[in-house]
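Here's the structure, in structure tokens; my notes come after.
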Amino acid sequence: MRVLVVEDEVKMAALIRRGLSEQGLAVDVAGSGEDALAKAGGGNYDAIVLDVILPGIDGFETCRKLRIDGVWSPVLMLTARGALEDRVAGLDGGADDYLTKPFSFAELLARLRALVRRGQSERPAQIEVGDLKLDPATRQVWRGETEIELSAKEFTLLEAFMRHPGSVLTRTQLLEQAWEYDFEHRSNVIEVYIRYLRRKIDVPFEVSSLETIRGAGYRLRKDGGR
Ligand code: CA
């Protein structure tokens with residue numbers, strides 16, 4: 001899951017970024033509305049956290065422009081305490097939800113998950129591929145009836161595979177799902193995590209669902225390995 005945080009206050013942006021990263025999310029930060037429009041133009045963010053108070057164009061205007069640009073990533077607005085007008089303006093401008101500052105991190109995370117579940121289009125609450133099942137909201141994974149414990153990064157990678165069963169995902173695509181852009185791309189981190197995942201979702205069940213496609217990437221079999 002990939003999130004864009006739009007906040008000019010460096011400390012606040014760093015705090016949100018760290019908290020979300022610890023949950024296994026890939027987080028990019030934009031320091032202004034203009035920066036956000038440039039970054040979100042590709043449209044590949046699962047959600048956008050957008051502060052109202054920004055230098056240059058404010059959060060409302062940023063949100064409005066995003067929608068005009070055809071960016072439909074769910075937007076969570078951060079507004080000032082008690083500013084009812086802000087909340088109304090935010091929702092009118094195309095935001096999907098709002099959170100009043102100061103907020104608890106747990107609430108930010110819960111709201112984000114709810115938004116991502118709702119998605120840019122309808123998404124099922126749980127994803128199933130063969131007898132593999134994944135719940136993005138509760139971050140649980142099962143093979144058949146057996147629940148599997150995954151680390152945050154392992155979960156994020158498996159979610160990417162389960163959203164694209166039968167498709168080859170390149171190392172770059174996988175890196176983008178789970179790590180920030182400035183991550184050291186030359187490392188073999190994906191290979192390592194694929195090995196971890198296989199040890200958890202395949203080996204104990206004597207199946208092989210995660211296939212290596214030489215020279216291309218990796219693929220989760222549509223039948224989940226059975
Ligand atoms: Ca701000």
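Residues in the structure tokens are numbered from 1 in each chain, the chains being A, B, ... in the order shown, and ligands are numbered from 1 in the order shown.
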
Open item on the list: For ligand 1, return the neighbouring residues as a ChimeraX atom specification (distance at most 9 Å; only C-alpha atoms and all ligand atoms).
Closed with: /A:6-10,12-13,31-32,50-55,58-59,78

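Using only C-alpha atoms, the contacts of Trp142 in chain A at a cut-off of 10 Å, with sequence neighbours closer than 4 positions omitted, comprise A:Glu128, A:Asp131, A:Leu132, A:Lys133, A:Leu134, A:Asp135, A:Thr146, A:Glu147, A:Ile148, A:Glu149, A:Ile201.
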
TODO: Among the residues of range 10-226 of chain A, find those DSSP assigns to alpha helix (DSSP H) from the backbone and print them as a PyMOL selection string.
DONE: chain A and resi 10-22+33-40+59-68+84-92+105-118+152-163+171-178+189-201

All residues 10 Å or closer to range 158-168 of chain A, only C-alpha atoms, same chain fewer than 3 positions away omitted, as a PDB file with C-alpha atoms, in the first residue's frame:
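Final output, saved to result.pdb:
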ATOM      1  CA  MET A   1       0.000   0.000   0.000  1.00  0.00           C
ATOM      2  CA  ARG A 123     -12.821  -3.754  -3.496  1.00  0.00           C
ATOM      3  CA  ILE A 127      -8.969 -11.129  -1.136  1.00  0.00           C
ATOM      4  CA  GLU A 128      -8.875 -14.841  -1.990  1.00  0.00           C
ATOM      5  CA  VAL A 129      -6.493 -16.618  -4.342  1.00  0.00           C
ATOM      6  CA  GLY A 130      -6.988 -20.364  -4.259  1.00  0.00           C
ATOM      7  CA  LEU A 132      -4.953 -18.203   0.334  1.00  0.00           C
ATOM      8  CA  LYS A 133      -7.023 -15.496   1.999  1.00  0.00           C
ATOM      9  CA  LEU A 134      -5.936 -11.996   3.012  1.00  0.00           C
ATOM     10  CA  ASP A 135      -7.792  -9.314   4.954  1.00  0.00           C
ATOM     11  CA  PRO A 136      -6.290  -5.852   4.269  1.00  0.00           C
ATOM     12  CA  ARG A 139      -3.898  -7.559   8.218  1.00  0.00           C
ATOM     13  CA  VAL A 141      -3.553 -14.038   6.228  1.00  0.00           C
ATOM     14  CA  LEU A 150       3.656 -12.251   8.466  1.00  0.00           C
ATOM     15  CA  LYS A 153       6.768  -5.999   4.670  1.00  0.00           C
ATOM     16  CA  GLU A 154       5.905  -9.624   3.941  1.00  0.00           C
ATOM     17  CA  PHE A 155       2.229  -8.739   4.238  1.00  0.00           C
ATOM     18  CA  ARG A 171      11.225  -6.421  -8.816  1.00  0.00           C
ATOM     19  CA  GLN A 173       6.967  -2.968  -9.023  1.00  0.00           C
ATOM     20  CA  LEU A 174       7.407  -4.923  -5.823  1.00  0.00           C
ATOM     21  CA  GLN A 177       4.759  -1.326  -3.294  1.00  0.00           C
ATOM     22  CA  ALA A 178       6.688  -1.751  -0.103  1.00  0.00           C
ATOM     23  CA  TYR A 193      11.549 -11.354   1.144  1.00  0.00           C
ATOM     24  CA  ILE A 194      10.269 -13.779  -1.497  1.00  0.00           C
ATOM     25  CA  LEU A 197       7.233 -15.512   2.125  1.00  0.00           C
ATOM     26  CA  ILE A 201       2.873 -19.480   2.807  1.00  0.00           C
ATOM     27  CA  SER A 209       2.429 -20.765  -5.269  1.00  0.00           C
ATOM     28  CA  LEU A 210       5.109 -18.064  -5.681  1.00  0.00           C
ATOM     29  CA  GLU A 211       6.901 -18.690  -8.951  1.00  0.00           C
ATOM     30  CA  THR A 212      10.147 -17.123 -10.136  1.00  0.00           C
ATOM     31  CA  ILE A 213       9.858 -15.961 -13.742  1.00  0.00           C
ATOM     32  CA  ALA A 216      11.058 -10.909 -15.377  1.00  0.00           C
ATOM     33  CA  GLY A 217      10.008 -11.147 -11.769  1.00  0.00           C
ATOM     34  CA  TYR A 218       7.636 -13.209  -9.672  1.00  0.00           C
ATOM     35  CA  ARG A 219       4.114 -14.501 -10.031  1.00  0.00           C
ATOM     36  CA  LEU A 220       1.512 -15.808  -7.637  1.00  0.00           C
ATOM     37  CA  ARG A 221      -0.284 -18.731  -9.262  1.00  0.00           C
ATOM     38  CA  LYS A 222      -3.990 -18.080  -9.804  1.00  0.00           C
ATOM     39  CA  ASP A 223      -4.840 -21.348  -8.087  1.00  0.00           C
ATOM     40  CA  GLY A 224      -2.846 -20.330  -5.021  1.00  0.00           C
TER      41      GLY A 224
END

- [ ] Would you please give, as a PyMOL selection string, all residues of range 43-168 of chain A that DSSP assigns to strand (DSSP E or B) based on the backbone?
- [x] chain A and resi 47-51+75-79+97-100+127-129+132-135+140-143+146-148+168
